[in-house]
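A.B. asks: Following this line is run_23.cif, made up of mmCIF, N, CA and C atoms and all ligand atoms:
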data_structure
loop_
_atom_site.label_atom_id
_atom_site.label_comp_id
_atom_site.auth_asym_id
_atom_site.auth_seq_id
_atom_site.Cartn_x
_atom_site.Cartn_y
_atom_site.Cartn_z
N MET A 1 -34.94 -48.04 138.27
CA MET A 1 -35.00 -49.30 139.05
C MET A 1 -34.24 -50.43 138.34
N ALA A 2 -33.58 -51.21 139.12
CA ALA A 2 -32.78 -52.31 138.56
C ALA A 2 -33.66 -53.53 138.32
N ILE A 3 -33.07 -54.50 137.64
CA ILE A 3 -33.73 -55.79 137.48
C ILE A 3 -33.77 -56.49 138.84
N GLN A 4 -34.94 -56.95 139.22
CA GLN A 4 -35.11 -57.65 140.51
C GLN A 4 -35.70 -59.03 140.28
N ARG A 5 -35.62 -59.86 141.33
CA ARG A 5 -36.34 -61.12 141.35
C ARG A 5 -37.32 -61.10 142.52
N THR A 6 -38.47 -61.69 142.30
CA THR A 6 -39.44 -61.81 143.38
C THR A 6 -39.99 -63.23 143.39
N PHE A 7 -40.64 -63.56 144.49
CA PHE A 7 -41.18 -64.91 144.66
C PHE A 7 -42.70 -64.87 144.59
N SER A 8 -43.27 -65.85 143.90
CA SER A 8 -44.72 -65.91 143.70
C SER A 8 -45.25 -67.30 144.03
N ILE A 9 -46.45 -67.35 144.57
CA ILE A 9 -47.15 -68.63 144.71
C ILE A 9 -48.50 -68.52 144.00
N ILE A 10 -48.79 -69.48 143.15
CA ILE A 10 -50.16 -69.64 142.64
C ILE A 10 -50.83 -70.59 143.64
N LYS A 11 -51.81 -70.05 144.37
CA LYS A 11 -52.37 -70.71 145.55
C LYS A 11 -53.36 -71.83 145.18
N PRO A 12 -53.72 -72.67 146.17
CA PRO A 12 -54.59 -73.83 145.90
C PRO A 12 -55.91 -73.51 145.20
N ASP A 13 -56.55 -72.40 145.52
CA ASP A 13 -57.84 -72.11 144.87
C ASP A 13 -57.65 -71.96 143.36
N ALA A 14 -56.47 -71.47 142.96
CA ALA A 14 -56.20 -71.23 141.53
C ALA A 14 -55.72 -72.49 140.82
N THR A 15 -54.83 -73.27 141.46
CA THR A 15 -54.36 -74.50 140.79
C THR A 15 -55.53 -75.46 140.60
N LYS A 16 -56.41 -75.48 141.62
CA LYS A 16 -57.57 -76.37 141.58
C LYS A 16 -58.51 -76.04 140.41
N ARG A 17 -58.61 -74.76 140.08
CA ARG A 17 -59.52 -74.33 139.00
C ARG A 17 -58.79 -74.22 137.66
N ASN A 18 -57.58 -74.80 137.57
CA ASN A 18 -56.82 -74.80 136.31
C ASN A 18 -56.51 -73.39 135.81
N LEU A 19 -56.11 -72.52 136.75
CA LEU A 19 -55.81 -71.13 136.38
C LEU A 19 -54.31 -70.84 136.34
N THR A 20 -53.49 -71.89 136.43
CA THR A 20 -52.03 -71.69 136.44
C THR A 20 -51.58 -70.94 135.18
N GLY A 21 -52.03 -71.39 134.03
CA GLY A 21 -51.61 -70.77 132.78
C GLY A 21 -52.13 -69.35 132.63
N ALA A 22 -53.37 -69.13 133.03
CA ALA A 22 -53.96 -67.78 132.91
C ALA A 22 -53.22 -66.79 133.80
N ILE A 23 -52.81 -67.25 134.98
CA ILE A 23 -52.08 -66.37 135.90
C ILE A 23 -50.66 -66.13 135.38
N ALA A 24 -50.02 -67.18 134.90
CA ALA A 24 -48.67 -67.02 134.33
C ALA A 24 -48.70 -66.04 133.16
N ALA A 25 -49.75 -66.09 132.37
CA ALA A 25 -49.87 -65.18 131.23
C ALA A 25 -49.96 -63.72 131.69
N LYS A 26 -50.60 -63.49 132.82
CA LYS A 26 -50.67 -62.12 133.38
C LYS A 26 -49.27 -61.62 133.76
N PHE A 27 -48.47 -62.51 134.37
CA PHE A 27 -47.11 -62.11 134.74
C PHE A 27 -46.32 -61.76 133.48
N GLU A 28 -46.39 -62.64 132.49
CA GLU A 28 -45.60 -62.43 131.27
C GLU A 28 -46.05 -61.18 130.52
N ALA A 29 -47.35 -60.93 130.51
CA ALA A 29 -47.86 -59.74 129.82
C ALA A 29 -47.39 -58.46 130.51
N ALA A 30 -47.11 -58.56 131.82
CA ALA A 30 -46.63 -57.38 132.57
C ALA A 30 -45.11 -57.23 132.46
N GLY A 31 -44.46 -58.11 131.71
CA GLY A 31 -43.01 -58.01 131.54
C GLY A 31 -42.21 -58.77 132.58
N LEU A 32 -42.88 -59.63 133.34
CA LEU A 32 -42.18 -60.45 134.33
C LEU A 32 -41.84 -61.79 133.70
N ARG A 33 -40.56 -62.16 133.78
CA ARG A 33 -40.11 -63.43 133.19
C ARG A 33 -40.14 -64.51 134.27
N ILE A 34 -40.72 -65.66 133.95
CA ILE A 34 -40.76 -66.77 134.91
C ILE A 34 -39.45 -67.53 134.78
N VAL A 35 -38.53 -67.33 135.74
CA VAL A 35 -37.20 -67.93 135.62
C VAL A 35 -37.07 -69.25 136.37
N ALA A 36 -38.05 -69.57 137.21
CA ALA A 36 -38.09 -70.88 137.86
C ALA A 36 -39.54 -71.16 138.21
N SER A 37 -39.93 -72.43 138.15
CA SER A 37 -41.34 -72.77 138.39
C SER A 37 -41.45 -74.24 138.75
N LYS A 38 -42.21 -74.56 139.79
CA LYS A 38 -42.48 -75.97 140.08
C LYS A 38 -43.78 -76.10 140.87
N ARG A 39 -44.40 -77.28 140.71
CA ARG A 39 -45.65 -77.57 141.40
C ARG A 39 -45.30 -78.45 142.59
N ILE A 40 -45.73 -78.02 143.78
CA ILE A 40 -45.42 -78.76 145.01
C ILE A 40 -46.66 -78.77 145.90
N GLN A 41 -46.63 -79.58 146.95
CA GLN A 41 -47.67 -79.45 147.98
C GLN A 41 -46.94 -79.30 149.31
N MET A 42 -47.20 -78.21 150.01
CA MET A 42 -46.50 -77.94 151.27
C MET A 42 -47.02 -78.83 152.39
N THR A 43 -46.14 -79.09 153.36
CA THR A 43 -46.58 -79.71 154.62
C THR A 43 -47.11 -78.59 155.51
N LEU A 44 -47.82 -78.97 156.57
CA LEU A 44 -48.33 -77.96 157.51
C LEU A 44 -47.16 -77.20 158.15
N ALA A 45 -46.11 -77.91 158.49
CA ALA A 45 -44.95 -77.25 159.12
C ALA A 45 -44.33 -76.21 158.17
N GLN A 46 -44.25 -76.55 156.89
CA GLN A 46 -43.69 -75.59 155.92
C GLN A 46 -44.59 -74.36 155.78
N ALA A 47 -45.91 -74.59 155.73
CA ALA A 47 -46.84 -73.46 155.60
C ALA A 47 -46.77 -72.56 156.83
N GLU A 48 -46.65 -73.17 158.01
CA GLU A 48 -46.58 -72.38 159.24
C GLU A 48 -45.29 -71.58 159.30
N THR A 49 -44.21 -72.13 158.78
CA THR A 49 -42.95 -71.39 158.73
C THR A 49 -43.05 -70.25 157.72
N PHE A 50 -43.56 -70.58 156.53
CA PHE A 50 -43.65 -69.58 155.46
C PHE A 50 -44.49 -68.38 155.89
N TYR A 51 -45.64 -68.64 156.54
CA TYR A 51 -46.53 -67.55 156.96
C TYR A 51 -46.34 -67.20 158.44
N GLY A 52 -45.16 -67.51 158.99
CA GLY A 52 -44.87 -67.27 160.41
C GLY A 52 -45.14 -65.84 160.87
N VAL A 53 -44.94 -64.89 159.98
CA VAL A 53 -45.16 -63.48 160.32
C VAL A 53 -46.62 -63.22 160.73
N HIS A 54 -47.53 -64.11 160.29
CA HIS A 54 -48.95 -63.93 160.60
C HIS A 54 -49.42 -64.85 161.73
N SER A 55 -48.49 -65.45 162.49
CA SER A 55 -48.87 -66.50 163.44
C SER A 55 -49.82 -66.02 164.54
N GLU A 56 -49.82 -64.72 164.82
CA GLU A 56 -50.72 -64.20 165.87
C GLU A 56 -52.07 -63.75 165.31
N ARG A 57 -52.21 -63.77 164.00
CA ARG A 57 -53.46 -63.27 163.39
C ARG A 57 -54.56 -64.33 163.53
N PRO A 58 -55.83 -63.88 163.65
CA PRO A 58 -56.93 -64.84 163.86
C PRO A 58 -57.12 -65.82 162.70
N PHE A 59 -56.67 -65.44 161.50
CA PHE A 59 -56.89 -66.30 160.33
C PHE A 59 -55.71 -67.25 160.06
N PHE A 60 -54.71 -67.28 160.97
CA PHE A 60 -53.48 -68.05 160.71
C PHE A 60 -53.75 -69.53 160.44
N GLY A 61 -54.56 -70.16 161.30
CA GLY A 61 -54.82 -71.60 161.17
C GLY A 61 -55.52 -71.91 159.85
N GLU A 62 -56.52 -71.11 159.56
CA GLU A 62 -57.31 -71.26 158.31
C GLU A 62 -56.40 -71.04 157.08
N LEU A 63 -55.52 -70.05 157.18
CA LEU A 63 -54.62 -69.74 156.07
C LEU A 63 -53.67 -70.92 155.80
N CYS A 64 -53.09 -71.47 156.86
CA CYS A 64 -52.14 -72.59 156.68
C CYS A 64 -52.86 -73.83 156.16
N GLU A 65 -54.04 -74.12 156.67
CA GLU A 65 -54.81 -75.28 156.19
C GLU A 65 -55.16 -75.11 154.70
N PHE A 66 -55.54 -73.91 154.34
CA PHE A 66 -55.86 -73.62 152.93
C PHE A 66 -54.62 -73.83 152.05
N MET A 67 -53.47 -73.35 152.51
CA MET A 67 -52.26 -73.40 151.68
C MET A 67 -51.75 -74.82 151.45
N ILE A 68 -52.17 -75.77 152.31
CA ILE A 68 -51.74 -77.16 152.12
C ILE A 68 -52.86 -78.04 151.54
N SER A 69 -54.00 -77.43 151.23
CA SER A 69 -55.18 -78.20 150.83
C SER A 69 -55.08 -78.82 149.43
N GLU A 70 -54.21 -78.25 148.61
CA GLU A 70 -54.03 -78.69 147.21
C GLU A 70 -52.59 -78.33 146.84
N PRO A 71 -52.10 -78.85 145.72
CA PRO A 71 -50.77 -78.39 145.26
C PRO A 71 -50.78 -76.88 144.94
N ILE A 72 -49.60 -76.32 145.00
CA ILE A 72 -49.40 -74.91 144.63
C ILE A 72 -48.31 -74.87 143.55
N VAL A 73 -48.21 -73.74 142.86
CA VAL A 73 -47.10 -73.55 141.92
C VAL A 73 -46.25 -72.39 142.45
N VAL A 74 -44.99 -72.70 142.78
CA VAL A 74 -44.08 -71.67 143.26
C VAL A 74 -43.19 -71.22 142.10
N GLN A 75 -42.98 -69.91 142.01
CA GLN A 75 -42.24 -69.37 140.87
C GLN A 75 -41.32 -68.23 141.30
N VAL A 76 -40.27 -68.04 140.53
CA VAL A 76 -39.43 -66.86 140.67
C VAL A 76 -39.66 -66.01 139.43
N LEU A 77 -40.01 -64.76 139.66
CA LEU A 77 -40.29 -63.82 138.57
C LEU A 77 -39.19 -62.78 138.52
N GLU A 78 -38.76 -62.45 137.32
CA GLU A 78 -37.66 -61.50 137.15
C GLU A 78 -38.06 -60.38 136.21
N GLY A 79 -37.62 -59.18 136.53
CA GLY A 79 -37.89 -58.04 135.64
C GLY A 79 -37.58 -56.73 136.32
N GLU A 80 -37.74 -55.67 135.57
CA GLU A 80 -37.56 -54.32 136.08
C GLU A 80 -38.54 -54.10 137.23
N ASP A 81 -38.04 -53.73 138.40
CA ASP A 81 -38.91 -53.40 139.54
C ASP A 81 -39.90 -54.55 139.83
N ALA A 82 -39.39 -55.77 139.78
CA ALA A 82 -40.29 -56.95 139.79
C ALA A 82 -41.15 -57.07 141.04
N ILE A 83 -40.63 -56.67 142.19
CA ILE A 83 -41.39 -56.85 143.44
C ILE A 83 -42.66 -55.99 143.40
N ALA A 84 -42.49 -54.71 143.10
CA ALA A 84 -43.64 -53.80 143.05
C ALA A 84 -44.55 -54.14 141.86
N LYS A 85 -43.93 -54.49 140.74
CA LYS A 85 -44.73 -54.79 139.54
C LYS A 85 -45.62 -56.01 139.79
N ASN A 86 -45.07 -57.01 140.44
CA ASN A 86 -45.87 -58.21 140.73
C ASN A 86 -47.03 -57.87 141.66
N ARG A 87 -46.76 -57.05 142.69
CA ARG A 87 -47.83 -56.67 143.63
C ARG A 87 -48.94 -55.92 142.87
N GLU A 88 -48.52 -55.13 141.88
CA GLU A 88 -49.48 -54.39 141.08
C GLU A 88 -50.36 -55.34 140.25
N VAL A 89 -49.72 -56.31 139.62
CA VAL A 89 -50.44 -57.27 138.78
C VAL A 89 -51.37 -58.15 139.64
N MET A 90 -50.93 -58.45 140.89
CA MET A 90 -51.74 -59.26 141.80
C MET A 90 -53.03 -58.54 142.21
N GLY A 91 -52.92 -57.26 142.54
CA GLY A 91 -54.06 -56.50 143.06
C GLY A 91 -54.15 -56.62 144.57
N ALA A 92 -55.12 -55.89 145.16
CA ALA A 92 -55.26 -55.83 146.61
C ALA A 92 -55.57 -57.20 147.20
N THR A 93 -55.19 -57.40 148.48
CA THR A 93 -55.39 -58.67 149.18
C THR A 93 -56.85 -59.13 149.08
N ASN A 94 -57.76 -58.20 149.34
CA ASN A 94 -59.20 -58.51 149.24
C ASN A 94 -59.66 -58.23 147.80
N PRO A 95 -60.12 -59.26 147.09
CA PRO A 95 -60.50 -59.04 145.68
C PRO A 95 -61.56 -57.95 145.51
N ALA A 96 -62.35 -57.72 146.55
CA ALA A 96 -63.38 -56.67 146.47
C ALA A 96 -62.73 -55.29 146.31
N ASP A 97 -61.48 -55.16 146.78
CA ASP A 97 -60.77 -53.88 146.69
C ASP A 97 -59.79 -53.82 145.53
N ALA A 98 -59.65 -54.91 144.80
CA ALA A 98 -58.61 -54.99 143.76
C ALA A 98 -59.04 -54.23 142.49
N ASP A 99 -58.05 -53.64 141.83
CA ASP A 99 -58.32 -52.90 140.59
C ASP A 99 -58.70 -53.85 139.45
N ALA A 100 -59.46 -53.33 138.51
CA ALA A 100 -59.85 -54.10 137.32
C ALA A 100 -58.61 -54.58 136.58
N GLY A 101 -58.66 -55.80 136.09
CA GLY A 101 -57.55 -56.34 135.29
C GLY A 101 -56.51 -57.06 136.13
N THR A 102 -56.56 -56.90 137.46
CA THR A 102 -55.57 -57.59 138.31
C THR A 102 -55.97 -59.06 138.47
N ILE A 103 -54.99 -59.87 138.86
CA ILE A 103 -55.23 -61.31 139.05
C ILE A 103 -56.31 -61.53 140.11
N ARG A 104 -56.18 -60.84 141.23
CA ARG A 104 -57.15 -61.08 142.31
C ARG A 104 -58.56 -60.60 141.93
N LYS A 105 -58.64 -59.51 141.19
CA LYS A 105 -59.98 -59.05 140.76
C LYS A 105 -60.61 -60.10 139.86
N GLU A 106 -59.81 -60.64 138.94
CA GLU A 106 -60.38 -61.58 137.95
C GLU A 106 -60.60 -62.99 138.49
N PHE A 107 -59.72 -63.42 139.42
CA PHE A 107 -59.74 -64.84 139.78
C PHE A 107 -59.99 -65.16 141.25
N ALA A 108 -59.68 -64.24 142.18
CA ALA A 108 -59.75 -64.61 143.60
C ALA A 108 -61.19 -64.86 144.04
N LEU A 109 -61.31 -65.77 145.02
CA LEU A 109 -62.64 -66.14 145.53
C LEU A 109 -63.01 -65.33 146.77
N SER A 110 -62.00 -64.95 147.56
CA SER A 110 -62.25 -64.25 148.83
C SER A 110 -60.92 -63.65 149.31
N ILE A 111 -60.97 -62.95 150.43
CA ILE A 111 -59.72 -62.37 150.99
C ILE A 111 -58.72 -63.45 151.37
N GLY A 112 -59.21 -64.62 151.74
CA GLY A 112 -58.33 -65.73 152.11
C GLY A 112 -57.88 -66.51 150.88
N GLU A 113 -58.86 -66.92 150.08
CA GLU A 113 -58.57 -67.71 148.88
C GLU A 113 -58.37 -66.75 147.71
N ASN A 114 -57.20 -66.10 147.74
CA ASN A 114 -56.99 -64.97 146.83
C ASN A 114 -55.95 -65.25 145.74
N SER A 115 -55.81 -66.52 145.38
CA SER A 115 -55.15 -66.96 144.13
C SER A 115 -53.63 -66.82 144.04
N VAL A 116 -53.06 -65.77 144.62
CA VAL A 116 -51.62 -65.57 144.49
C VAL A 116 -51.00 -64.99 145.76
N HIS A 117 -49.75 -65.30 145.94
CA HIS A 117 -48.89 -64.64 146.93
C HIS A 117 -47.77 -63.96 146.18
N GLY A 118 -47.31 -62.82 146.66
CA GLY A 118 -46.11 -62.19 146.11
C GLY A 118 -45.30 -61.54 147.21
N SER A 119 -43.97 -61.64 147.13
CA SER A 119 -43.10 -61.03 148.14
C SER A 119 -43.38 -59.53 148.22
N ASP A 120 -43.18 -58.97 149.44
CA ASP A 120 -43.50 -57.55 149.63
C ASP A 120 -42.27 -56.64 149.73
N ALA A 121 -41.05 -57.20 149.74
CA ALA A 121 -39.84 -56.36 149.87
C ALA A 121 -38.63 -57.18 149.40
N PRO A 122 -37.51 -56.52 149.10
CA PRO A 122 -36.33 -57.25 148.64
C PRO A 122 -35.86 -58.32 149.63
N GLU A 123 -35.92 -58.02 150.94
CA GLU A 123 -35.45 -58.99 151.95
C GLU A 123 -36.34 -60.23 151.96
N THR A 124 -37.67 -60.03 151.92
CA THR A 124 -38.57 -61.18 151.95
C THR A 124 -38.48 -61.95 150.63
N ALA A 125 -38.27 -61.25 149.53
CA ALA A 125 -38.13 -61.93 148.24
C ALA A 125 -36.93 -62.89 148.29
N ALA A 126 -35.81 -62.41 148.80
CA ALA A 126 -34.59 -63.25 148.86
C ALA A 126 -34.82 -64.44 149.79
N GLU A 127 -35.45 -64.20 150.93
CA GLU A 127 -35.71 -65.29 151.89
C GLU A 127 -36.66 -66.33 151.31
N GLU A 128 -37.73 -65.85 150.68
CA GLU A 128 -38.75 -66.76 150.17
C GLU A 128 -38.23 -67.57 148.98
N ILE A 129 -37.42 -66.96 148.12
CA ILE A 129 -36.83 -67.70 147.00
C ILE A 129 -35.94 -68.81 147.56
N ALA A 130 -35.12 -68.48 148.55
CA ALA A 130 -34.19 -69.47 149.13
C ALA A 130 -34.93 -70.57 149.89
N PHE A 131 -36.12 -70.26 150.40
CA PHE A 131 -36.92 -71.26 151.14
C PHE A 131 -37.41 -72.37 150.19
N PHE A 132 -37.71 -72.00 148.95
CA PHE A 132 -38.33 -72.96 148.02
C PHE A 132 -37.40 -73.46 146.91
N PHE A 133 -36.35 -72.71 146.58
CA PHE A 133 -35.51 -73.09 145.44
C PHE A 133 -34.03 -73.19 145.84
N SER A 134 -33.35 -74.19 145.29
CA SER A 134 -31.91 -74.30 145.49
C SER A 134 -31.23 -73.51 144.37
N GLY A 135 -29.96 -73.19 144.57
CA GLY A 135 -29.21 -72.45 143.56
C GLY A 135 -29.23 -73.13 142.20
N LEU A 136 -29.21 -74.47 142.22
CA LEU A 136 -29.18 -75.23 140.96
C LEU A 136 -30.46 -75.07 140.14
N GLU A 137 -31.56 -74.72 140.81
CA GLU A 137 -32.84 -74.58 140.11
C GLU A 137 -33.02 -73.18 139.52
N LEU A 138 -32.11 -72.28 139.82
CA LEU A 138 -32.26 -70.91 139.39
C LEU A 138 -31.31 -70.61 138.24
N VAL A 139 -31.87 -70.44 137.07
CA VAL A 139 -31.07 -70.14 135.89
C VAL A 139 -30.65 -68.68 135.94
N GLY A 140 -29.40 -68.39 135.62
CA GLY A 140 -28.90 -67.01 135.69
C GLY A 140 -29.46 -66.13 134.61
P1 LIG B 201 -49.63 -62.54 150.37
O1 LIG B 201 -48.69 -62.40 151.55
O2 LIG B 201 -50.29 -63.92 150.30
O3 LIG B 201 -49.00 -62.13 149.09
P2 LIG B 201 -50.81 -60.01 150.99
O4 LIG B 201 -49.40 -59.56 151.22
O5 LIG B 201 -51.64 -59.25 150.03
O6 LIG B 201 -50.85 -61.52 150.56
P3 LIG B 201 -51.06 -60.39 153.84
O7 LIG B 201 -51.57 -59.33 154.75
O8 LIG B 201 -49.59 -60.67 153.84
O9 LIG B 201 -51.60 -60.07 152.37
O10 LIG B 201 -51.86 -61.72 154.19
C1 LIG B 201 -51.35 -62.98 153.80
C2 LIG B 201 -52.50 -63.84 153.33
O11 LIG B 201 -53.34 -64.16 154.44
C3 LIG B 201 -53.45 -63.18 152.32
O12 LIG B 201 -52.99 -63.24 151.01
C4 LIG B 201 -54.69 -64.01 152.51
O13 LIG B 201 -54.60 -65.27 151.84
C5 LIG B 201 -54.69 -64.27 154.02
N1 LIG B 201 -55.48 -63.24 154.72
C6 LIG B 201 -55.15 -61.95 154.94
N2 LIG B 201 -56.11 -61.31 155.63
C7 LIG B 201 -57.10 -62.23 155.85
C8 LIG B 201 -58.36 -62.20 156.50
N3 LIG B 201 -58.82 -61.09 157.07
N4 LIG B 201 -59.09 -63.34 156.52
C9 LIG B 201 -58.64 -64.50 155.96
N5 LIG B 201 -57.44 -64.59 155.34
C10 LIG B 201 -56.68 -63.48 155.27
MG MG B 202 -48.01 -60.62 152.45
#
Is it possible to give me this structure as structure tokens?
C.D. replies:
Amino acid sequence: MAIQRTFSIIKPDATKRNLTGAIAAKFEAAGLRIVASKRIQMTLAQAETFYGVHSERPFFGELCEFMISEPIVVQVLEGEDAIAKNREVMGATNPADADAGTIRKEFALSIGENSVHGSDAPETAAEEIAFFFSGLELVG
């Protein structure tokens, strides 16, 4: 597998509880390098665009409201097989199903307030990175 980049969000439940550093440490321990990082607060329109794929799901409104409820930390992670590796470090969507040692097992509050987002494929990773970061913010 080649070196990849993936996109990550440390979600409001985690920034609120001062878990940004603990979560970043999990990425770094797994060999993922944080090549870009910033703290922002999304507008409702941005959250609805970002999670547009879920617009028909019953939890869509709740998800978007949650994602704008507090600042988030958006990051670009780089490493060998980064997309799959990040999903592994994150753990299952529902913390009740997540493996021991994963971010969601250790920190998530519920299936909705689950501490992190990570891209699920190369195409979504590229789209999501471009949605939040300009070329100038991405160090080669
Ligand atoms: P993410 O896209 O945030 O990395 P994921 O890929 O593991 O998470 P998705 O199925 O893409 O999971 O769902 C996106 C997000 O929507 C979840 O991370 C969670 O915050 C929320 N979500 C998913 N299922 C539910 C649900 N049943 N009830 C409430 N919120 C949910
Ligand atoms: Mg997803």
A.B. asks: Hey, can you check how far atom N of Glu106 (chain A) sits from atom N of Phe132 (chain A)?
C.D. replies: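 Result for atom N of Glu106 (chain A) versus atom N of Phe132 (chain A): 26.8 Å, one decimal.
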A.B. asks: Looking at only C-alpha atoms, which of A:Gln75, A:Thr49, A:Thr124, A:Ser110 is the one that sits closest to Leu138 (chain A)?
C.D. replies: A:Gln75
A.B. asks: Among region 65-116 of chain A, which ones does DSSP place in helix (DSSP H, G or I), written as a PyMOL selection string?
C.D. replies: chain A and resi 65-67+82-90+95-97+103-107
A.B. asks: Quick one: everything within 6.5 Å of Glu88 (chain A), counting all atoms listed in the file, minus sequence neighbours fewer than 4 positions away in the same chain. Send it as a compact mmCIF listing (two decimals) with N, CA and C atoms, in the frame of the given file.
C.D. replies:
# COMPACT_ATOMS: atom_id res chain seq x y z
N ILE A 83 -40.63 -56.67 142.19
CA ILE A 83 -41.39 -56.85 143.44
C ILE A 83 -42.66 -55.99 143.40
N ALA A 84 -42.49 -54.71 143.10
CA ALA A 84 -43.64 -53.80 143.05
C ALA A 84 -44.55 -54.14 141.86
N THR A 102 -56.56 -56.90 137.46
CA THR A 102 -55.57 -57.59 138.31
C THR A 102 -55.97 -59.06 138.47
A.B. asks: Nearest residue to Phe66 (chain A) out of A:Lys85, A:Arg5, A:Arg104, A:Lys16, using only C-alpha atoms?
C.D. replies: A:Lys16
A.B. asks: For Asp81 (chain A), list every protein, DNA or RNA residue within 6 Å, evaluated using all atoms listed in the file, and leave out those in the same chain fewer than 4 positions away; present the list as an MDAnalysis selection string.
C.D. replies: chainID A and resid 1:4 85:86
A.B. asks: Do you know which residues are within 7 Å of ligand MG 202 (chain B) using only C-alpha atoms and all ligand atoms? Can you write them as a JSON list (two decimals) with N, CA and C atoms, in the frame of the given file?
C.D. replies:
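Written file, selection.json:
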[["chain", "number", "residue", "atom", "x", "y", "z"],
["A", 117, "HIS", "N", -49.75, -65.30, 145.94],
["A", 117, "HIS", "CA", -48.89, -64.64, 146.93],
["A", 117, "HIS", "C", -47.77, -63.96, 146.18],
["A", 118, "GLY", "N", -47.31, -62.82, 146.66],
["A", 118, "GLY", "CA", -46.11, -62.19, 146.11],
["A", 118, "GLY", "C", -45.30, -61.54, 147.21],
["A", 119, "SER", "N", -43.97, -61.64, 147.13],
["A", 119, "SER", "CA", -43.10, -61.03, 148.14],
["A", 119, "SER", "C", -43.38, -59.53, 148.22],
["A", 120, "ASP", "N", -43.18, -58.97, 149.44],
["A", 120, "ASP", "CA", -43.50, -57.55, 149.63],
["A", 120, "ASP", "C", -42.27, -56.64, 149.73]]
A.B. asks: Suppose you want the space between atom N of Phe59 (chain A) and atom C of Leu19 (chain A); what is it in Å?
C.D. replies: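 Atom-to-atom, atom N of Phe59 (chain A) to atom C of Leu19 (chain A), that is 25.8 Å.
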A.B. asks: Counting only N, CA and C atoms and all ligand atoms, what residues are within 5 Å of ligand LIG 201 (chain B), given as a JSON list (two decimals) with N, CA and C atoms, in the frame of the given file?
C.D. replies:
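Generated file (out.json):
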[["chain", "number", "residue", "atom", "x", "y", "z"],
["A", 93, "THR", "N", -55.19, -57.40, 148.48],
["A", 93, "THR", "CA", -55.39, -58.67, 149.18],
["A", 93, "THR", "C", -56.85, -59.13, 149.08],
["A", 111, "ILE", "N", -60.97, -62.95, 150.43],
["A", 111, "ILE", "CA", -59.72, -62.37, 150.99],
["A", 111, "ILE", "C", -58.72, -63.45, 151.37],
["A", 112, "GLY", "N", -59.21, -64.62, 151.74],
["A", 112, "GLY", "CA", -58.33, -65.73, 152.11],
["A", 112, "GLY", "C", -57.88, -66.51, 150.88],
["A", 113, "GLU", "N", -58.86, -66.92, 150.08],
["A", 113, "GLU", "CA", -58.57, -67.71, 148.88],
["A", 113, "GLU", "C", -58.37, -66.75, 147.71],
["A", 114, "ASN", "N", -57.20, -66.10, 147.74],
["A", 114, "ASN", "CA", -56.99, -64.97, 146.83],
["A", 114, "ASN", "C", -55.95, -65.25, 145.74],
["A", 116, "VAL", "N", -53.06, -65.77, 144.62],
["A", 116, "VAL", "CA", -51.62, -65.57, 144.49],
["A", 116, "VAL", "C", -51.00, -64.99, 145.76],
["A", 117, "HIS", "N", -49.75, -65.30, 145.94],
["A", 117, "HIS", "CA", -48.89, -64.64, 146.93],
["A", 117, "HIS", "C", -47.77, -63.96, 146.18],
["A", 118, "GLY", "N", -47.31, -62.82, 146.66],
["A", 118, "GLY", "CA", -46.11, -62.19, 146.11],
["A", 118, "GLY", "C", -45.30, -61.54, 147.21]]
A.B. asks: Which residue out of A:Ala98, A:Val73, A:Ala130, A:Met90 has the minimum interatomic distance to Ile10 (chain A) when all atoms listed in the file are used?
C.D. replies: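 The answer is A:Val73, which sits nearest to Ile10 (chain A).
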